[in-house]
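J.: Quick one: structure below, then a few questions.
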Number of protein chains: 2
Amino acid sequence: MLRVDTRVVQLRAKLFRGLGDSSRLAILDALRAGPRSVGEIVASTGLSQPNASNHLRCLNECGLVAGEQRGRFVHYRLSDPHLETLLSLADELVAGTAQGVYPCRNYEPGKSD
Amino acid sequence: MLRVDTRVVQLRAKLFRGLGDSSRLAILDALRAGPRSVGEIVASTGLSQPNASNHLRCLNECGLVAGEQRGRFVHYRLSDPHLETLLSLADELVAGTAQGVYPCRNYEPGKSD
DNA sequence: ATATGATATCATTGATGGCTGATATGTCGA
DNA sequence: TCGACATATCAGCCATCAATGATATCATAT
């Protein structure tokens, strides 16, 4: 019986939890087209500024995005092209076998969605 | 300004929330080697039987795994090879750019981990 | 130096999800 | 049919997290 590697599993879980939020995914989606300032992100996602800022901090700490100060603005970008691949692959899964994700009532988002 | 597609984003978030749990990932990892009964999954993951069963139900409803009754046992398997690709890609991300995921104290797991 | 605009931080609140322990359903063999 | 084993379901508790509103920091221009 092959035992599951706990450490790797936990890291993956952490990564997926980071991705398992509509707000953060919306931010990542906004950044797919290229670097964007916080204000631009706020505009295109509809998130409140503090909320967007908070999620950006998290994504930044986790290494998924990188921020660069340009004057008064901070421009964020995806820090790894692999991330785009991951997102695309997720879309394929959702469109294909994992169609049950849509009606599935487990792990519903909060009231904000 | 390109507006983010809310529907797609929400589906992806749901998928990632499904994957954002150590217990479910441990189950998926156990199934990477091939179909396994619930008992075998319980043995290799260390989860309690009700807990494993509950997670399997969720994964099944979301279409990520498929169950088949064989006598008294129910054998589960990964329902889509894309899922393995996704998991591998996640590992690459964690090992590479997203190394910050390790020290990041956001989105910590519950007390059980 | 100060005002303005851009971004970050903080505390509170409200809701969701996971684990446990007990129990129910279901399947097979005697 | 009954007993034993495998799996599924349920209720309750506890912890975590996201959003809000107010406020703090930081950078620039006048």
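As shown in the structure tokens, the chain order sets the letters A, B, ...; within each chain, residues go from 1, and ligands are also counted from 1 in the order they appear.
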Could you please tell me, as a list in words, which residues of chain B have an atom within 12 Å of chain C when using only C-alpha atoms (C1' of nucleotides)?

T.: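 Output check: Arg17, Gly18, Gly20, Asp21, Ser22, Ser23, Arg24, Leu47, Ser48, Gln49, Pro50, Asn51, Ala52, Asn54, His55, Gln69, Arg70, Gly71, Arg72, Phe73, Val74, Pro109, Gly110, Lys111, Ser112 and Asp113 of chain B.
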
J.: So that I have them on file, write out the residues from the current selection with N, CA and C atoms, as an mmCIF file, in the first residue's frame.

T.:
```cif
data_model
loop_
_atom_site.group_PDB
_atom_site.id
_atom_site.type_symbol
_atom_site.label_atom_id
_atom_site.label_comp_id
_atom_site.auth_asym_id
_atom_site.auth_seq_id
_atom_site.Cartn_x
_atom_site.Cartn_y
_atom_site.Cartn_z
ATOM 1 N N ARG B 17 -11.869 24.924 -5.255
ATOM 2 C CA ARG B 17 -12.266 24.682 -3.867
ATOM 3 C C ARG B 17 -12.391 23.186 -3.625
ATOM 4 N N GLY B 18 -12.891 22.500 -4.636
ATOM 5 C CA GLY B 18 -12.974 21.049 -4.513
ATOM 6 C C GLY B 18 -11.602 20.429 -4.322
ATOM 7 N N GLY B 20 -9.001 22.097 -3.064
ATOM 8 C CA GLY B 20 -8.260 22.790 -2.031
ATOM 9 C C GLY B 20 -8.424 22.213 -0.656
ATOM 10 N N ASP B 21 -8.324 20.950 -0.545
ATOM 11 C CA ASP B 21 -8.460 20.302 0.756
ATOM 12 C C ASP B 21 -7.520 19.104 0.805
ATOM 13 N N SER B 22 -6.727 19.037 1.859
ATOM 14 C CA SER B 22 -5.725 17.985 1.974
ATOM 15 C C SER B 22 -6.336 16.599 1.902
ATOM 16 N N SER B 23 -7.481 16.441 2.537
ATOM 17 C CA SER B 23 -8.104 15.120 2.549
ATOM 18 C C SER B 23 -8.489 14.684 1.139
ATOM 19 N N ARG B 24 -9.129 15.577 0.413
ATOM 20 C CA ARG B 24 -9.539 15.211 -0.949
ATOM 21 C C ARG B 24 -8.334 14.993 -1.854
ATOM 22 N N LEU B 47 -7.493 8.770 6.784
ATOM 23 C CA LEU B 47 -8.758 9.447 7.086
ATOM 24 C C LEU B 47 -9.707 8.500 7.788
ATOM 25 N N SER B 48 -10.648 9.059 8.533
ATOM 26 C CA SER B 48 -11.680 8.212 9.112
ATOM 27 C C SER B 48 -12.605 7.758 7.990
ATOM 28 N N GLN B 49 -13.282 6.659 8.217
ATOM 29 C CA GLN B 49 -14.148 6.122 7.177
ATOM 30 C C GLN B 49 -15.267 7.078 6.794
ATOM 31 N N PRO B 50 -15.979 7.657 7.756
ATOM 32 C CA PRO B 50 -17.046 8.587 7.357
ATOM 33 C C PRO B 50 -16.496 9.811 6.616
ATOM 34 N N ASN B 51 -15.358 10.265 7.070
ATOM 35 C CA ASN B 51 -14.762 11.433 6.441
ATOM 36 C C ASN B 51 -14.394 11.134 4.987
ATOM 37 N N ALA B 52 -13.737 10.011 4.778
ATOM 38 C CA ALA B 52 -13.357 9.627 3.417
ATOM 39 C C ALA B 52 -14.600 9.453 2.548
ATOM 40 N N ASN B 54 -17.483 10.811 2.856
ATOM 41 C CA ASN B 54 -18.090 12.102 2.567
ATOM 42 C C ASN B 54 -17.340 12.838 1.455
ATOM 43 N N HIS B 55 -16.036 12.819 1.538
ATOM 44 C CA HIS B 55 -15.246 13.488 0.508
ATOM 45 C C HIS B 55 -15.416 12.793 -0.838
ATOM 46 N N GLN B 69 -19.596 -0.299 -8.057
ATOM 47 C CA GLN B 69 -19.846 -1.315 -7.047
ATOM 48 C C GLN B 69 -19.287 -2.659 -7.509
ATOM 49 N N ARG B 70 -18.451 -3.274 -6.642
ATOM 50 C CA ARG B 70 -17.929 -4.611 -6.935
ATOM 51 C C ARG B 70 -18.144 -5.437 -5.687
ATOM 52 N N GLY B 71 -19.227 -6.163 -5.692
ATOM 53 C CA GLY B 71 -19.554 -6.917 -4.489
ATOM 54 C C GLY B 71 -19.880 -5.950 -3.377
ATOM 55 N N ARG B 72 -19.294 -6.193 -2.226
ATOM 56 C CA ARG B 72 -19.573 -5.305 -1.099
ATOM 57 C C ARG B 72 -18.760 -4.024 -1.190
ATOM 58 N N PHE B 73 -17.811 -4.025 -2.090
ATOM 59 C CA PHE B 73 -16.895 -2.879 -2.166
ATOM 60 C C PHE B 73 -17.336 -1.896 -3.243
ATOM 61 N N VAL B 74 -16.930 -0.695 -3.046
ATOM 62 C CA VAL B 74 -17.097 0.304 -4.092
ATOM 63 C C VAL B 74 -15.706 0.769 -4.490
ATOM 64 N N PRO B 109 -4.912 25.242 6.600
ATOM 65 C CA PRO B 109 -5.910 24.180 6.738
ATOM 66 C C PRO B 109 -6.481 24.174 8.143
ATOM 67 N N GLY B 110 -7.514 23.382 8.346
ATOM 68 C CA GLY B 110 -8.116 23.256 9.666
ATOM 69 C C GLY B 110 -7.204 22.493 10.604
ATOM 70 N N LYS B 111 -7.681 22.259 11.802
ATOM 71 C CA LYS B 111 -6.863 21.650 12.844
ATOM 72 C C LYS B 111 -6.476 20.211 12.520
ATOM 73 N N SER B 112 -7.183 19.631 11.562
ATOM 74 C CA SER B 112 -6.994 18.199 11.314
ATOM 75 C C SER B 112 -5.686 17.903 10.603
ATOM 76 N N ASP B 113 -5.127 18.862 9.927
ATOM 77 C CA ASP B 113 -3.950 18.572 9.106
ATOM 78 C C ASP B 113 -2.668 18.473 9.923
#
```

J.: Can you work out which one of A:Lys14, A:His75, A:Arg36, A:Arg7 has the shortest atom-to-atom distance to chain B, counting only C-alpha atoms?

T.: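 Closest candidate: A:Lys14.
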
J.: Pull out every residue of chain D that has at least one atom within 12 Å of chain B, counting only C-alpha atoms (C1' of nucleotides), and report them as number ranges by chain.

T.: D: 4-10, 14-18

J.: For the structure I just gave you, how does DSSP split chain A - specifically, which residues are alpha helix (DSSP H)? Reply as number ranges by chain.

T.: A: 6-19, 22-32, 38-45, 49-61, 81-95

J.: Using only C-alpha atoms for the distances, tell me which of A:Leu86, A:Leu56, A:Pro81, A:Glu68 is nearest to chain B.

T.: A:Leu86

J.: Name the residues in contact with Leu93 (chain A) at a cut-off of 10 Å, using only C-alpha atoms (C1' of nucleotides), excluding same-chain residues fewer than 4 positions from it; report them as a list in words.

T.: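 The residues that qualify are Leu87, Ser88, Leu89, Thr97, Ala98, Gln99 and Val101 of chain A; Arg12, Leu15, Gly63, Leu64, Asp80, Pro81, His82, Leu83 and Leu86 of chain B.
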
J.: Closest to chain A among B:Cys62, B:Thr85, B:Gly67, B:Arg77, using only C-alpha atoms?

T.: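 Closest to chain A of all the choices is B:Cys62.
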